[in-house]
Amino acid sequence: MSYIAILETGVPPDNLSDTYGTYADMFAQHLAAPNRQFRVFRTLEGELPDPADHLTGVVITGSPAGVYEDHPWITSLIDWLKGVDVAVPVVGICFGHQVMAQAWGGHVEKSKKGWGVGLHEYTIHDNALWRELAETDLPALHVAVTHQDQVVKKPDAAIILAGSEFTPHGALYYTDRKAISFQCHPEFCQDFAGDLLLSRRGTRISEHLVDQALESLKSTSSRDQVLGAISKFLAA
């Protein structure tokens, strides 16, 4: 059977998954299309697609883990990515963005800039490529983010599609394989992004920073355009 593999590398807090579903649920909902089949792999528990399976695409979700952490499932995922067919479309989000870069020649670290949260703006650096991917003109992407780690060195074969002063490697497009990745979270609706921030307010993230981020989420997002580009990329 042909399918798109969703590699679930993290799950929302229990009280949020009850309301919004899992990260895999979000992608399956937003990327649904006629004759498109998804299969979810609990990658944080060691599940990965069999190399013999006919993959029509891969989506790697976000995770609270760092790609540099010494977890067997992360090592296995990096090894799996090194061996995946270069013709299979691979899409990475947040942790997925980072682990793809780490596996394919880049480097990820916990940023000295601290937490990036709220609605961030990534300037599009390659407008022609974005128009081809999304079939729309946008000077910048405005999408929710929540991360401390960043890709500090991109793989040589990756083009910077979009980024900001805070996150220079905000979106990467690979020229040696069919792959694209985003540090931001287009799968997050405004309500989920806000509730996730509130669950971390005063514990993992300072109250002041969360309050600023919540205010920024009231602005117009371009998440639908990013999701549209991802869906088109998986279909190509």
# chains A, B, ... in the order shown; residues from 1 in each chain; ligands from 1
$ residues_around --residues "region 62-78 of chain A" --least-positions-apart "6" --cutoff "9 Å" --atoms "only C-alpha atoms" --output "MDAnalysis selection string"
chainID A and resid 8:12 23 43:48 92:100 102:104 108:110 147 149 185
$ select_by_dssp --residues "region 42-195 of chain A" --states "strand (DSSP E)" --output "ChimeraX atom specification"
/A:54-60,90-93,107-110,116-124,140-147,149-153,158-163,171-174,179-182
$ closest_residue --among "A:Ser181, A:Ser199, A:Thr19, A:Ser219" --to "Val91 (chain A)" --atoms "only C-alpha atoms"
A:Ser181
$ closest_residue --among "A:Arg42, A:Gly116, A:Thr61, A:Met1" --to "Ser206 (chain A)" --atoms "only C-alpha atoms"
A:Gly116
$ residues_around --residues "Glu215 (chain A)" --least-positions-apart "6" --cutoff "10 Å" --atoms "only C-alpha atoms" --output "list in words"
Gly118, Leu119 and Gly194 of chain A
$ select_by_dssp --residues "region 2-236 of chain A" --states "helix (DSSP H, G or I)" --output "NGL selection string"
:A and (14-20 or 23-30 or 43-45 or 72-83 or 95-103 or 127-134 or 190-200 or 207-216 or 223-235)
$ residues_around --residues "region 120-128 of chain A" --least-positions-apart "3" --cutoff "8 Å" --atoms "only C-alpha atoms" --output "list in words"
Val117, Arg131, Glu132, Asp137, Leu138, Pro139, Ala140, Leu141, His142, Val143, Ala144, Val145, Ile160, Leu161, Ala162, Gly163, Ser164, Thr167 and Gly170 of chain A
$ write_last_selection --atoms "all heavy atoms" --output "CSV table (one decimal), in the first residue's frame"
chain,number,residue,atom,x,y,z
A,117,VAL,N,8.7,32.5,20.4
A,117,VAL,CA,7.3,32.1,20.6
A,117,VAL,C,6.4,33.2,20.0
A,117,VAL,O,6.8,34.3,19.8
A,117,VAL,CB,7.0,32.0,22.1
A,117,VAL,CG1,7.6,30.7,22.7
A,117,VAL,CG2,7.4,33.2,22.9
A,131,ARG,N,6.8,31.1,-5.2
A,131,ARG,CA,5.7,31.1,-6.1
A,131,ARG,C,5.4,29.7,-6.8
A,131,ARG,O,4.3,29.3,-7.0
A,131,ARG,CB,5.9,32.2,-7.2
A,131,ARG,CG,5.7,33.6,-6.8
A,131,ARG,CD,5.6,34.5,-8.0
A,131,ARG,NE,6.9,34.6,-8.7
A,131,ARG,CZ,7.9,35.4,-8.4
A,131,ARG,NH1,7.7,36.3,-7.4
A,131,ARG,NH2,9.0,35.4,-9.1
A,132,GLU,N,6.5,29.0,-7.1
A,132,GLU,CA,6.4,27.7,-7.7
A,132,GLU,C,5.7,26.7,-6.7
A,132,GLU,O,4.9,25.9,-7.0
A,132,GLU,CB,7.7,27.2,-8.1
A,132,GLU,CG,7.7,25.8,-8.7
A,132,GLU,CD,9.1,25.3,-9.0
A,132,GLU,OE1,10.0,26.1,-9.1
A,132,GLU,OE2,9.3,24.1,-9.2
A,137,ASP,N,1.9,34.9,-4.2
A,137,ASP,CA,3.0,35.8,-3.9
A,137,ASP,C,2.9,36.3,-2.5
A,137,ASP,O,1.8,36.8,-2.1
A,137,ASP,CB,3.0,37.1,-4.8
A,137,ASP,CG,3.7,36.8,-6.2
A,137,ASP,OD1,4.8,36.2,-6.1
A,137,ASP,OD2,3.1,37.1,-7.2
A,138,LEU,N,3.9,36.1,-1.7
A,138,LEU,CA,3.9,36.7,-0.3
A,138,LEU,C,5.3,37.2,-0.1
A,138,LEU,O,6.3,36.5,-0.4
A,138,LEU,CB,3.7,35.6,0.7
A,138,LEU,CG,2.2,35.1,0.9
A,138,LEU,CD1,2.2,33.9,1.9
A,138,LEU,CD2,1.3,36.2,1.3
A,139,PRO,N,5.5,38.4,0.5
A,139,PRO,CA,6.8,38.9,0.8
A,139,PRO,C,7.4,38.2,2.0
A,139,PRO,O,8.6,38.2,2.2
A,139,PRO,CB,6.6,40.4,1.1
A,139,PRO,CG,5.1,40.5,1.5
A,139,PRO,CD,4.4,39.4,0.7
A,140,ALA,N,6.5,37.7,2.9
A,140,ALA,CA,7.0,37.1,4.1
A,140,ALA,C,5.9,36.1,4.6
A,140,ALA,O,4.7,36.2,4.3
A,140,ALA,CB,7.2,38.1,5.2
A,141,LEU,N,6.4,35.2,5.5
A,141,LEU,CA,5.5,34.2,6.1
A,141,LEU,C,5.2,34.6,7.5
A,141,LEU,O,6.2,35.0,8.2
A,141,LEU,CB,6.1,32.8,6.1
A,141,LEU,CG,6.6,32.3,4.8
A,141,LEU,CD1,7.2,30.9,4.9
A,141,LEU,CD2,5.4,32.2,3.8
A,142,HIS,N,4.0,34.6,8.0
A,142,HIS,CA,3.6,34.9,9.4
A,142,HIS,C,3.0,33.7,10.0
A,142,HIS,O,1.8,33.4,9.7
A,142,HIS,CB,2.7,36.1,9.4
A,142,HIS,CG,3.3,37.4,8.9
A,142,HIS,ND1,3.3,37.7,7.5
A,142,HIS,CD2,4.0,38.4,9.5
A,142,HIS,CE1,3.9,38.8,7.4
A,142,HIS,NE2,4.3,39.3,8.5
A,143,VAL,N,3.7,32.9,10.8
A,143,VAL,CA,3.3,31.7,11.3
A,143,VAL,C,3.7,31.5,12.8
A,143,VAL,O,4.8,32.0,13.2
A,143,VAL,CB,3.8,30.5,10.5
A,143,VAL,CG1,3.2,29.2,11.0
A,143,VAL,CG2,3.4,30.7,9.0
A,144,ALA,N,2.9,30.8,13.6
A,144,ALA,CA,3.3,30.6,15.0
A,144,ALA,C,4.6,29.8,15.1
A,144,ALA,O,4.8,28.8,14.3
A,144,ALA,CB,2.1,29.9,15.7
A,145,VAL,N,5.3,30.1,16.1
A,145,VAL,CA,6.6,29.4,16.4
A,145,VAL,C,6.6,29.1,17.9
A,145,VAL,O,6.0,29.8,18.7
A,145,VAL,CB,7.8,30.1,16.0
A,145,VAL,CG1,7.8,30.5,14.6
A,145,VAL,CG2,8.1,31.3,16.9
A,160,ILE,N,18.1,28.6,1.6
A,160,ILE,CA,17.3,29.2,2.6
A,160,ILE,C,16.1,29.8,1.9
A,160,ILE,O,16.2,30.8,1.1
A,160,ILE,CB,18.1,30.3,3.3
A,160,ILE,CG1,19.3,29.7,4.1
A,160,ILE,CG2,17.2,31.1,4.3
A,160,ILE,CD1,20.2,30.8,4.7
A,161,LEU,N,15.0,29.2,2.1
A,161,LEU,CA,13.7,29.7,1.4
A,161,LEU,C,13.2,31.0,2.1
A,161,LEU,O,12.7,31.9,1.5
A,161,LEU,CB,12.7,28.6,1.4
A,161,LEU,CG,11.3,29.0,0.9
A,161,LEU,CD1,11.4,29.4,-0.6
A,161,LEU,CD2,10.4,27.8,1.0
A,162,ALA,N,13.3,31.0,3.5
A,162,ALA,CA,12.8,32.1,4.3
A,162,ALA,C,13.5,32.1,5.6
A,162,ALA,O,13.9,31.0,6.1
A,162,ALA,CB,11.3,32.0,4.4
A,163,GLY,N,13.5,33.3,6.2
A,163,GLY,CA,14.1,33.4,7.5
A,163,GLY,C,14.0,34.8,8.1
A,163,GLY,O,13.4,35.7,7.5
A,164,SER,N,14.5,35.0,9.3
A,164,SER,CA,14.4,36.2,10.0
A,164,SER,C,15.7,36.5,10.7
A,164,SER,O,16.6,35.6,10.8
A,164,SER,CB,13.3,36.2,11.0
A,164,SER,OG,13.5,35.3,12.0
A,167,THR,N,15.6,33.9,13.4
A,167,THR,CA,15.7,32.5,12.9
A,167,THR,C,16.2,32.6,11.5
A,167,THR,O,15.4,32.6,10.5
A,167,THR,CB,14.4,31.8,13.0
A,167,THR,OG1,13.8,32.0,14.3
A,167,THR,CG2,14.6,30.3,12.7
A,170,GLY,N,14.9,29.8,8.7
A,170,GLY,CA,13.5,29.6,9.1
A,170,GLY,C,12.8,28.5,8.2
A,170,GLY,O,12.0,27.8,8.6
$ closest_residue --among "A:Leu55, A:Leu209, A:Ala171, A:Leu31" --to "Tyr3 (chain A)" --atoms "only C-alpha atoms"
A:Leu55
$ atom_distance --atom1 "CA of His107 (chain A)" --atom2 "CA of Lys153 (chain A)"
4.9 Å
$ atom_distance --atom1 "CA of Leu16 (chain A)" --atom2 "CA of Leu197 (chain A)"
11.1 Å
$ closest_residue --among "A:Val40, A:Ala158, A:Ile205, A:Leu227" --to "Cys184 (chain A)" --atoms "only C-alpha atoms"
A:Leu227
